[in-house]
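Here's the structure, in structure tokens; my notes come after.
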Amino acid sequence: MPWTLRDEKAGGSPIFPASRRHRRVSSRRGPVAALIVALLLVPIIWSLMFFMLAGPTLKLKLWSAFRVGQGRKAASYREDEYLVGVGKADITGPCVELNLMGYADPSQIGTGLRQRLYSRAFIVADPNNPADRFVYLVLDTQSGDTAVRYGILSGLQELGPEYEDYSHHNIAVTGTHSHSGPGAWLNYLLPQITSKGFDQQSYRAIVEGAILSIRRAHESLTPGHLSVGSTKVFGANINRSLFAYLANPEEERARYNISSEDDGSVEKDLTMLKFQRASDGKNIGVLTWFPTHGTSVLGNNTLISGDNKGVAAYLFEKSAIDDETAAEGFVAGFSQANVGDTSPNVLGAWCEDGSGEQCNFENSTCSDGRSQKCHARGPFFTVKDQGTSSCFEIGKRQFEPARKLYDHLNEAPNPVRGRWVKSFHTFHNMSNHQFQLPNGTEVSTCPAALGYSFAAGTSDGPGAFDFTQHESNSTNTSPLWRLVGGVLKDPTEEQIACHAPKPILLDVGEVFSPYQWTPNVVDVQVFRVGQLAIIVSPGEATTMAGRRWKEAIGNEITALFADEGRSEKPVVVLGGPANSYTHYITTEEEYGIQRYEGASTLYGPHTLAAYINVSLSWIPYLRSSTRSRPPMGPEPPNNSNRSLSFIPQVIRDSPPFFKKFGQVKQDVEEIYQKGAQISASFVGANPRNNLRLERNYAVVEKLVTPPPPMNPVDAGSVSSGDDDARNELVRTREEGEWEVVRDDSDWHLVFSWHRTSELLGTSEAQITWETADPWAEPGRYRFRYFGDAKSLAGEITEFEGVSGEFELVDPDR
């Protein structure tokens, strides 16, 4: 659907919000302007008609001419061209009255929006065999999900035969692991408990936005080139479970210990895949992988955002707006990697008990022996803003080296070589997978279970009660927890032995009532394009677990495909959590320590080895000449239409007596210095009435043309039958010309909402602009609020509210 000025006035935003320049709220074109535009378009339309009628011959000549024009540099690319496409769409679910997904805190209920969430789609296809393609989705969500993936696949099938090449085997649904998005959309019961069940509105927002992003990427498919490179990112991650990491063999750890700054405890490498279209040499997007948890914004935050990955993508897309190397609609995806034991809170974990001490190294407790006062600190932890400043900084620390790598690849590209685009996906039951380790030992996985230390949480988000990391079991915690676990299901002796040394708290993999609590069937998926291989992980692999998995895949590709005539060493990345959510994947040594990550490794001590074993068994399907696919395997259930929900619906909205929706309750002041927080509040309505996807709840408008003196002749010159044009002209003459300079996608513009009376259905909306915003400029501004009110009969009516005008000035004025 094309974006229009009318959409803008209704709170709309362009198809690619990050690619906007300035959007104006201005008057319509006059008849003279329309005539001039029409005359200018005639030769363009004539040329296009000639081009289309000339058919394939002329198109081929133009295409060849471009390539010849690029000289010898283009010649090296000729056999390594791909079809490439990118797309982006809004997936922001209910921003109020719904539990946020990530910290599993039922009291963390959304109150507004700091940044809209997006699905970013990246498609690569073989131009000689376009059915060989894959789609890599980066969602601003906690993870991928089984129900979401089913919904996306179903929606693509409904689009018709043009989309028949998209299926289970070639669609990866990954999440950035933000802990600041709406919840209640996951397939299994366990993560639904804190959100009071499943919410169709939250689920459909993700599914429909993801489908739209794929459509946009598919419609933009064009011949192009890929380039891959890596760089170091410092100051954006640390290992939050270093005690467990140190249990890995010393000689293995030494391989990755490069310096004091890059000691191997976390991966500092950011890998980038750059997408460049061939027609004009412009870049259409980048896809990156780097591991750091989406926990910069803390558990006391109630505003929706994409956390530090959302910031990094926002900054990169903003930097591309006026960049001559970037195409309009440039999309930047910042995917997770082996994120399991990483933290963005780089100052470490400290006891917030007045002692000034760091948390216990082994179990992350403080002087009281509990974990609740152990909190990790971001770079700006002294700023009491729920981690917002630290989040922006960690996002910036990812963006800046990524941007430098992008510039470097523009100057010295490292092409992805090899025309093949291959993928496989299979479902695998991990509840009892028997296999041999490389040393010949026969081992088995187990039905999913969570250990006691799972309930302790992490220093990024401590758990409750008397659980601790590393040492929790039934002997040192309240007997109540053993009773709680037993009510769910007492694990059998066989299950206890299979998971040892994990003491089982919740035997979730053996509970199927009222439906499955957690997955036993997992997604196993790998993509390959040229020398790049992408492991799509359904769980959060730790630093060393990810390394072992990537090394195994790289070695197998090298051994199996040596006859394909390529000398490039495989570049292997790992992205996730994707397609489902299977909690954590640790090494066997880390599992033995039983901190949070080990206790959350679902399928026992051999979980990582099982993932590697199954992945390697299907690698032959990535051979360049392969035309077959592995069997689908046992399909997991889709619970999206059978999940329980105890989430109250919106009954009605009502303005206070003698007020109307959108009316200003507290207005702005006349003048502010840059750096101030500027707010206005309005008579509001529940944002759940309309998610306003691809649109806005709040915008900042800047006056660009002051209103001239009103001339009655101007209004009279408009045809008497054109009331809309007359009203627009009068409004422009009265108000001047305004342009939208901030909207819901901007980090520093905050929309918040709260009820003022449950009984009466009244509420208040507030817009706040944090003008410490580095792009804020002096000028005259106003806020505009877009809302939707629900009547008792269920009818929804749109409305707007406009604040007074205010002047923003430099601090020294």
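Order determines the names: the first chain of the structure tokens is A, the second B, and so forth; residues in each chain are numbered 1 upward, and ligands are numbered 1 upward as they are shown.
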Practice item. For Thr762 (chain A), list every protein, DNA or RNA residue within 12 Å, evaluated using only C-alpha atoms, and leave out those in the same chain fewer than 5 positions away; present the list as a VMD selection string. Key: chain A and resid 650 to 657 659 to 661 682 to 686 753 to 757 789 to 791
If you keep N, CA and C atoms, can you produce a file of those selected residues as a PDB file, in the first residue's frame?
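Written file, out36.pdb:
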```pdb
ATOM      1  N   VAL A 650     -10.284  -4.417  26.179  1.00  0.00           N
ATOM      2  CA  VAL A 650     -10.715  -3.026  26.365  1.00  0.00           C
ATOM      3  C   VAL A 650     -12.237  -2.989  26.301  1.00  0.00           C
ATOM      4  N   ILE A 651     -12.850  -2.428  27.315  1.00  0.00           N
ATOM      5  CA  ILE A 651     -14.318  -2.337  27.341  1.00  0.00           C
ATOM      6  C   ILE A 651     -14.797  -1.079  26.630  1.00  0.00           C
ATOM      7  N   ARG A 652     -14.278   0.069  27.066  1.00  0.00           N
ATOM      8  CA  ARG A 652     -14.688   1.325  26.425  1.00  0.00           C
ATOM      9  C   ARG A 652     -13.725   2.423  26.827  1.00  0.00           C
ATOM     10  N   ASP A 653     -13.748   3.508  26.070  1.00  0.00           N
ATOM     11  CA  ASP A 653     -13.033   4.735  26.409  1.00  0.00           C
ATOM     12  C   ASP A 653     -14.049   5.853  26.564  1.00  0.00           C
ATOM     13  N   SER A 654     -13.729   6.754  27.450  1.00  0.00           N
ATOM     14  CA  SER A 654     -14.623   7.894  27.655  1.00  0.00           C
ATOM     15  C   SER A 654     -13.797   9.108  28.065  1.00  0.00           C
ATOM     16  N   PRO A 655     -14.095  10.284  27.514  1.00  0.00           N
ATOM     17  CA  PRO A 655     -13.402  11.488  27.987  1.00  0.00           C
ATOM     18  C   PRO A 655     -14.000  11.936  29.323  1.00  0.00           C
ATOM     19  N   PRO A 656     -13.243  12.654  30.121  1.00  0.00           N
ATOM     20  CA  PRO A 656     -13.820  13.222  31.347  1.00  0.00           C
ATOM     21  C   PRO A 656     -14.972  14.174  31.001  1.00  0.00           C
ATOM     22  N   PHE A 657     -15.801  14.444  31.967  1.00  0.00           N
ATOM     23  CA  PHE A 657     -16.911  15.375  31.760  1.00  0.00           C
ATOM     24  C   PHE A 657     -16.396  16.712  31.247  1.00  0.00           C
ATOM     25  N   LYS A 659     -14.933  17.386  28.567  1.00  0.00           N
ATOM     26  CA  LYS A 659     -13.700  17.299  27.787  1.00  0.00           C
ATOM     27  C   LYS A 659     -13.965  16.469  26.531  1.00  0.00           C
ATOM     28  N   LYS A 660     -13.026  16.498  25.597  1.00  0.00           N
ATOM     29  CA  LYS A 660     -13.143  15.653  24.418  1.00  0.00           C
ATOM     30  C   LYS A 660     -11.803  14.960  24.162  1.00  0.00           C
ATOM     31  N   PHE A 661     -11.857  13.851  23.420  1.00  0.00           N
ATOM     32  CA  PHE A 661     -10.645  13.112  23.114  1.00  0.00           C
ATOM     33  C   PHE A 661      -9.664  14.000  22.351  1.00  0.00           C
ATOM     34  N   PHE A 682      -2.607  14.732  27.029  1.00  0.00           N
ATOM     35  CA  PHE A 682      -3.852  14.846  26.286  1.00  0.00           C
ATOM     36  C   PHE A 682      -4.906  13.918  26.900  1.00  0.00           C
ATOM     37  N   VAL A 683      -6.159  14.254  26.688  1.00  0.00           N
ATOM     38  CA  VAL A 683      -7.239  13.319  26.992  1.00  0.00           C
ATOM     39  C   VAL A 683      -7.073  12.152  26.018  1.00  0.00           C
ATOM     40  N   GLY A 684      -6.873  10.952  26.563  1.00  0.00           N
ATOM     41  CA  GLY A 684      -6.465   9.842  25.718  1.00  0.00           C
ATOM     42  C   GLY A 684      -7.494   8.741  25.598  1.00  0.00           C
ATOM     43  N   ALA A 685      -7.109   7.726  24.826  1.00  0.00           N
ATOM     44  CA  ALA A 685      -7.887   6.497  24.676  1.00  0.00           C
ATOM     45  C   ALA A 685      -6.888   5.350  24.598  1.00  0.00           C
ATOM     46  N   ASN A 686      -7.351   4.149  24.858  1.00  0.00           N
ATOM     47  CA  ASN A 686      -6.472   3.000  24.976  1.00  0.00           C
ATOM     48  C   ASN A 686      -5.753   2.696  23.655  1.00  0.00           C
ATOM     49  N   TRP A 753       1.068   6.232  28.333  1.00  0.00           N
ATOM     50  CA  TRP A 753      -0.387   6.231  28.533  1.00  0.00           C
ATOM     51  C   TRP A 753      -0.717   5.593  29.871  1.00  0.00           C
ATOM     52  N   HIS A 754      -1.735   6.115  30.540  1.00  0.00           N
ATOM     53  CA  HIS A 754      -2.225   5.465  31.757  1.00  0.00           C
ATOM     54  C   HIS A 754      -3.706   5.761  31.946  1.00  0.00           C
ATOM     55  N   ARG A 755      -4.358   4.830  32.591  1.00  0.00           N
ATOM     56  CA  ARG A 755      -5.776   5.016  32.922  1.00  0.00           C
ATOM     57  C   ARG A 755      -5.891   5.981  34.093  1.00  0.00           C
ATOM     58  N   THR A 756      -6.901   6.806  34.041  1.00  0.00           N
ATOM     59  CA  THR A 756      -7.194   7.671  35.185  1.00  0.00           C
ATOM     60  C   THR A 756      -8.415   7.176  35.956  1.00  0.00           C
ATOM     61  N   SER A 757      -9.263   6.352  35.302  1.00  0.00           N
ATOM     62  CA  SER A 757     -10.399   5.734  35.995  1.00  0.00           C
ATOM     63  C   SER A 757     -10.818   4.467  35.261  1.00  0.00           C
ATOM     64  N   ALA A 789     -10.586   5.830  19.927  1.00  0.00           N
ATOM     65  CA  ALA A 789     -11.459   5.614  21.083  1.00  0.00           C
ATOM     66  C   ALA A 789     -12.480   4.533  20.783  1.00  0.00           C
ATOM     67  N   LYS A 790     -12.738   3.702  21.783  1.00  0.00           N
ATOM     68  CA  LYS A 790     -13.692   2.600  21.641  1.00  0.00           C
ATOM     69  C   LYS A 790     -14.956   2.915  22.432  1.00  0.00           C
ATOM     70  N   SER A 791     -16.101   2.834  21.762  1.00  0.00           N
ATOM     71  CA  SER A 791     -17.374   3.056  22.436  1.00  0.00           C
ATOM     72  C   SER A 791     -17.824   1.779  23.122  1.00  0.00           C
TER      73      SER A 791
END
```
Check your understanding: DSSP on the backbone: what in region 313-507 of chain A comes out alpha helix (DSSP H), as a PyMOL selection string?
Key -> chain A and resi 313-319+388-411+479-488+493-499
Residues from last step as file, N, CA and C atoms, as a short mmCIF file (atom, residue, chain, number, x, y, z; two decimals), in the first residue's frame:
```cif
data_model
loop_
_atom_site.label_atom_id
_atom_site.label_comp_id
_atom_site.auth_asym_id
_atom_site.auth_seq_id
_atom_site.Cartn_x
_atom_site.Cartn_y
_atom_site.Cartn_z
N ALA A 313 20.41 -0.64 14.90
CA ALA A 313 19.76 -0.62 13.59
C ALA A 313 19.23 0.77 13.26
N TYR A 314 18.64 1.43 14.27
CA TYR A 314 18.12 2.79 14.10
C TYR A 314 19.23 3.75 13.68
N LEU A 315 20.38 3.68 14.35
CA LEU A 315 21.49 4.58 14.04
C LEU A 315 22.06 4.30 12.66
N PHE A 316 22.17 3.02 12.30
CA PHE A 316 22.74 2.70 10.99
C PHE A 316 21.81 3.16 9.87
N GLU A 317 20.53 2.87 10.02
CA GLU A 317 19.58 3.28 8.97
C GLU A 317 19.50 4.80 8.88
N LYS A 318 19.64 5.47 10.01
CA LYS A 318 19.63 6.93 9.99
C LYS A 318 20.87 7.46 9.28
N SER A 319 22.02 6.80 9.49
CA SER A 319 23.25 7.24 8.85
C SER A 319 23.21 7.05 7.34
N THR A 388 18.02 3.29 30.10
CA THR A 388 17.83 3.87 28.76
C THR A 388 19.12 4.46 28.19
N SER A 389 19.86 5.23 29.01
CA SER A 389 21.09 5.86 28.52
C SER A 389 22.14 4.80 28.21
N SER A 390 22.25 3.80 29.07
CA SER A 390 23.20 2.72 28.81
C SER A 390 22.84 1.96 27.55
N CYS A 391 21.56 1.76 27.32
CA CYS A 391 21.09 1.06 26.14
C CYS A 391 21.50 1.79 24.87
N PHE A 392 21.30 3.09 24.84
CA PHE A 392 21.66 3.87 23.66
C PHE A 392 23.16 3.79 23.42
N GLU A 393 23.93 3.82 24.50
CA GLU A 393 25.38 3.77 24.37
C GLU A 393 25.85 2.41 23.84
N ILE A 394 25.29 1.32 24.34
CA ILE A 394 25.68 -0.01 23.87
C ILE A 394 25.27 -0.20 22.40
N GLY A 395 24.11 0.34 22.03
CA GLY A 395 23.71 0.30 20.63
C GLY A 395 24.68 1.08 19.77
N LYS A 396 25.11 2.24 20.26
CA LYS A 396 26.06 3.07 19.51
C LYS A 396 27.41 2.37 19.37
N ARG A 397 27.80 1.63 20.41
CA ARG A 397 29.08 0.93 20.36
C ARG A 397 29.07 -0.23 19.36
N GLN A 398 27.90 -0.72 19.02
CA GLN A 398 27.79 -1.71 17.94
C GLN A 398 27.72 -1.02 16.58
N PHE A 399 26.97 0.08 16.53
CA PHE A 399 26.79 0.78 15.26
C PHE A 399 28.10 1.34 14.71
N GLU A 400 28.90 1.98 15.56
CA GLU A 400 30.08 2.70 15.06
C GLU A 400 31.09 1.78 14.38
N PRO A 401 31.50 0.66 14.97
CA PRO A 401 32.41 -0.23 14.21
C PRO A 401 31.73 -0.88 13.01
N ALA A 402 30.41 -1.13 13.12
CA ALA A 402 29.69 -1.69 11.98
C ALA A 402 29.71 -0.70 10.81
N ARG A 403 29.55 0.56 11.12
CA ARG A 403 29.56 1.58 10.07
C ARG A 403 30.96 1.67 9.42
N LYS A 404 32.00 1.58 10.23
CA LYS A 404 33.36 1.61 9.69
C LYS A 404 33.63 0.40 8.81
N LEU A 405 33.12 -0.76 9.22
CA LEU A 405 33.27 -1.96 8.41
C LEU A 405 32.54 -1.81 7.08
N TYR A 406 31.35 -1.23 7.14
CA TYR A 406 30.57 -0.97 5.91
C TYR A 406 31.38 -0.09 4.95
N ASP A 407 31.95 0.97 5.47
CA ASP A 407 32.75 1.87 4.62
C ASP A 407 33.96 1.14 4.05
N HIS A 408 34.57 0.30 4.88
CA HIS A 408 35.73 -0.47 4.41
C HIS A 408 35.34 -1.43 3.28
N LEU A 409 34.21 -2.11 3.44
CA LEU A 409 33.76 -3.05 2.40
C LEU A 409 33.37 -2.32 1.12
N ASN A 410 32.97 -1.08 1.24
CA ASN A 410 32.72 -0.29 0.03
C ASN A 410 34.02 -0.03 -0.73
N GLU A 411 35.09 0.21 0.02
CA GLU A 411 36.38 0.50 -0.61
C GLU A 411 37.11 -0.77 -1.04
N PRO A 479 11.41 -26.20 51.05
CA PRO A 479 10.71 -27.42 50.61
C PRO A 479 9.50 -27.13 49.73
N LEU A 480 9.03 -25.87 49.80
CA LEU A 480 7.87 -25.48 48.99
C LEU A 480 8.15 -25.70 47.51
N TRP A 481 9.41 -25.44 47.07
CA TRP A 481 9.72 -25.53 45.64
C TRP A 481 9.70 -26.97 45.15
N ARG A 482 10.11 -27.89 46.03
CA ARG A 482 10.01 -29.29 45.64
C ARG A 482 8.56 -29.71 45.51
N LEU A 483 7.73 -29.14 46.37
CA LEU A 483 6.30 -29.42 46.30
C LEU A 483 5.71 -28.85 45.01
N VAL A 484 6.12 -27.61 44.67
CA VAL A 484 5.62 -26.98 43.45
C VAL A 484 6.02 -27.81 42.23
N GLY A 485 7.29 -28.22 42.17
CA GLY A 485 7.73 -29.03 41.05
C GLY A 485 7.02 -30.36 40.98
N GLY A 486 6.74 -30.93 42.16
CA GLY A 486 6.04 -32.21 42.20
C GLY A 486 4.61 -32.11 41.75
N VAL A 487 3.97 -30.96 42.03
CA VAL A 487 2.59 -30.77 41.58
C VAL A 487 2.55 -30.76 40.06
N LEU A 488 3.56 -30.13 39.45
CA LEU A 488 3.63 -30.13 37.99
C LEU A 488 3.87 -31.56 37.49
N GLU A 493 13.25 -41.43 38.05
CA GLU A 493 14.66 -41.68 38.33
C GLU A 493 15.48 -41.63 37.05
N GLU A 494 14.90 -42.16 35.98
CA GLU A 494 15.59 -42.13 34.69
C GLU A 494 15.83 -40.68 34.23
N GLN A 495 14.81 -39.82 34.40
CA GLN A 495 14.94 -38.42 34.01
C GLN A 495 15.97 -37.71 34.89
N ILE A 496 15.98 -37.99 36.17
CA ILE A 496 16.95 -37.39 37.08
C ILE A 496 18.37 -37.77 36.68
N ALA A 497 18.56 -39.06 36.38
CA ALA A 497 19.89 -39.53 35.99
C ALA A 497 20.32 -38.94 34.65
N CYS A 498 19.38 -38.80 33.72
CA CYS A 498 19.70 -38.26 32.40
C CYS A 498 20.17 -36.82 32.49
N HIS A 499 19.55 -36.02 33.37
CA HIS A 499 19.88 -34.60 33.48
C HIS A 499 21.04 -34.31 34.43
#
```
Practice item. Fewer than 6 positions away in the same chain doesn't count, so skip those; otherwise give me all residues within 10 Å of Thr365 (chain A), counting only C-alpha atoms, as a PyMOL selection string. Key: chain A and resi 349-351+358-359+371-375+456+459+462+467-469
Exercise for review: Find the residues around region 100-107 of chain A up to 8 Å (only C-alpha atoms counted), leave out those fewer than 6 positions away in its own chain, and share them as an MDAnalysis selection string.
Suggested key: chainID A and resid 142 177:184 191 194:195 299 302 461
Would you export the selected residues with N, CA, C and O atoms as a PDB file, in the first residue's frame, please?
```pdb
ATOM      1  N   GLN A 142      11.971 -11.079  21.590  1.00  0.00           N
ATOM      2  CA  GLN A 142      12.820 -11.861  22.493  1.00  0.00           C
ATOM      3  C   GLN A 142      13.436 -13.056  21.776  1.00  0.00           C
ATOM      4  O   GLN A 142      14.553 -13.463  22.085  1.00  0.00           O
ATOM      5  N   HIS A 177      16.462 -10.676  20.686  1.00  0.00           N
ATOM      6  CA  HIS A 177      16.485 -10.990  22.119  1.00  0.00           C
ATOM      7  C   HIS A 177      16.264  -9.743  22.983  1.00  0.00           C
ATOM      8  O   HIS A 177      16.730  -9.662  24.120  1.00  0.00           O
ATOM      9  N   SER A 178      15.534  -8.784  22.448  1.00  0.00           N
ATOM     10  CA  SER A 178      15.121  -7.640  23.265  1.00  0.00           C
ATOM     11  C   SER A 178      14.199  -8.111  24.374  1.00  0.00           C
ATOM     12  O   SER A 178      13.302  -8.931  24.156  1.00  0.00           O
ATOM     13  N   HIS A 179      14.433  -7.597  25.577  1.00  0.00           N
ATOM     14  CA  HIS A 179      13.572  -7.906  26.724  1.00  0.00           C
ATOM     15  C   HIS A 179      12.560  -6.784  26.971  1.00  0.00           C
ATOM     16  O   HIS A 179      11.979  -6.703  28.061  1.00  0.00           O
ATOM     17  N   SER A 180      12.356  -5.939  25.966  1.00  0.00           N
ATOM     18  CA  SER A 180      11.482  -4.776  26.140  1.00  0.00           C
ATOM     19  C   SER A 180      10.364  -4.730  25.115  1.00  0.00           C
ATOM     20  O   SER A 180       9.873  -3.651  24.779  1.00  0.00           O
ATOM     21  N   GLY A 181       9.942  -5.893  24.630  1.00  0.00           N
ATOM     22  CA  GLY A 181       8.820  -5.945  23.707  1.00  0.00           C
ATOM     23  C   GLY A 181       7.602  -6.558  24.363  1.00  0.00           C
ATOM     24  O   GLY A 181       7.703  -7.232  25.400  1.00  0.00           O
ATOM     25  N   PRO A 182       6.422  -6.359  23.793  1.00  0.00           N
ATOM     26  CA  PRO A 182       5.216  -6.979  24.342  1.00  0.00           C
ATOM     27  C   PRO A 182       5.325  -8.503  24.292  1.00  0.00           C
ATOM     28  O   PRO A 182       5.920  -9.065  23.374  1.00  0.00           O
ATOM     29  N   GLY A 183       4.744  -9.171  25.282  1.00  0.00           N
ATOM     30  CA  GLY A 183       4.760 -10.624  25.318  1.00  0.00           C
ATOM     31  C   GLY A 183       3.446 -11.219  24.859  1.00  0.00           C
ATOM     32  O   GLY A 183       2.708 -10.639  24.072  1.00  0.00           O
ATOM     33  N   ALA A 184       3.166 -12.425  25.353  1.00  0.00           N
ATOM     34  CA  ALA A 184       1.889 -13.129  25.135  1.00  0.00           C
ATOM     35  C   ALA A 184       1.707 -13.627  23.720  1.00  0.00           C
ATOM     36  O   ALA A 184       0.585 -13.773  23.253  1.00  0.00           O
ATOM     37  N   PRO A 191       6.240 -19.831  28.942  1.00  0.00           N
ATOM     38  CA  PRO A 191       6.424 -18.381  28.834  1.00  0.00           C
ATOM     39  C   PRO A 191       5.107 -17.602  28.811  1.00  0.00           C
ATOM     40  O   PRO A 191       5.123 -16.369  28.913  1.00  0.00           O
ATOM     41  N   THR A 194       3.527 -15.779  32.835  1.00  0.00           N
ATOM     42  CA  THR A 194       3.689 -14.431  33.380  1.00  0.00           C
ATOM     43  C   THR A 194       2.895 -13.389  32.599  1.00  0.00           C
ATOM     44  O   THR A 194       2.659 -12.291  33.101  1.00  0.00           O
ATOM     45  N   SER A 195       2.491 -13.711  31.379  1.00  0.00           N
ATOM     46  CA  SER A 195       1.729 -12.757  30.569  1.00  0.00           C
ATOM     47  C   SER A 195       0.217 -13.003  30.645  1.00  0.00           C
ATOM     48  O   SER A 195      -0.544 -12.396  29.890  1.00  0.00           O
ATOM     49  N   GLY A 299      14.750  -4.393  34.086  1.00  0.00           N
ATOM     50  CA  GLY A 299      13.471  -5.036  34.378  1.00  0.00           C
ATOM     51  C   GLY A 299      12.426  -4.120  34.971  1.00  0.00           C
ATOM     52  O   GLY A 299      11.260  -4.515  35.076  1.00  0.00           O
ATOM     53  N   THR A 302       9.076  -0.031  31.525  1.00  0.00           N
ATOM     54  CA  THR A 302       7.745  -0.414  31.026  1.00  0.00           C
ATOM     55  C   THR A 302       7.449   0.183  29.650  1.00  0.00           C
ATOM     56  O   THR A 302       6.309   0.157  29.207  1.00  0.00           O
ATOM     57  N   GLY A 461      18.937  -9.754  35.383  1.00  0.00           N
ATOM     58  CA  GLY A 461      17.564  -9.785  35.886  1.00  0.00           C
ATOM     59  C   GLY A 461      17.443 -10.861  36.944  1.00  0.00           C
ATOM     60  O   GLY A 461      17.111 -12.009  36.629  1.00  0.00           O
TER      61      GLY A 461
END
```
Review point. Which neighbours of region 770-786 of chain A fall inside 6 Å, counting only C-alpha atoms, when residues of the same chain fewer than 4 positions from it are skipped, and could you give them as a PyMOL selection string?
Key: chain A and resi 674-677+697-703+748+800-803+805-809
**Study point:** strand (DSSP E) positions in region 384-614 of chain A, given as number ranges by chain
**Key:** A: 421-429, 434-436, 442-444, 450-451, 457-458, 461-462, 504-506, 521-529, 532-536, 540-541, 571-575, 584-585
Practice item. Considering only C-alpha atoms, return as an MDAnalysis selection string whatever protein or nucleic-acid residues lie within 8 Å of Lys502 (chain A), sequence-local ones (same chain, fewer than 3 positions apart) excluded. Key: chainID A and resid 451:452 496 499 591:592 594 598:599 604
How about saving the chosen residues, N, CA and C atoms kept, as a compact mmCIF listing (two decimals), in the first residue's frame?
```
# COMPACT_ATOMS: atom_id res chain seq x y z
N GLY A 451 16.50 -26.60 35.74
CA GLY A 451 17.09 -26.81 37.05
C GLY A 451 16.77 -25.70 38.04
N TYR A 452 17.20 -25.90 39.28
CA TYR A 452 16.92 -24.93 40.35
C TYR A 452 17.50 -23.56 40.05
N ILE A 496 15.98 -37.99 36.17
CA ILE A 496 16.95 -37.39 37.08
C ILE A 496 18.37 -37.77 36.68
N HIS A 499 19.55 -36.02 33.37
CA HIS A 499 19.88 -34.60 33.48
C HIS A 499 21.04 -34.31 34.43
N TYR A 591 27.70 -26.78 31.70
CA TYR A 591 26.51 -27.44 32.25
C TYR A 591 26.79 -27.99 33.64
N GLY A 592 27.99 -28.53 33.83
CA GLY A 592 28.34 -29.10 35.12
C GLY A 592 28.39 -28.09 36.24
N GLN A 594 26.25 -25.57 36.57
CA GLN A 594 24.85 -25.29 36.90
C GLN A 594 24.61 -23.88 37.41
N GLY A 598 23.38 -23.12 32.47
CA GLY A 598 23.40 -24.58 32.51
C GLY A 598 22.08 -25.15 32.99
N ALA A 599 21.49 -24.51 33.99
CA ALA A 599 20.19 -24.97 34.51
C ALA A 599 19.09 -24.79 33.49
N GLY A 604 19.61 -31.79 28.78
CA GLY A 604 20.66 -32.51 29.48
C GLY A 604 22.05 -32.10 29.08
```
Revision key, fill the gap. Min atom-atom distance to Ala125 (chain A) from the set A:Asp507, A:Asp80, A:Glu540, A:Glu158, counting only C-alpha atoms, belongs to A:Asp80
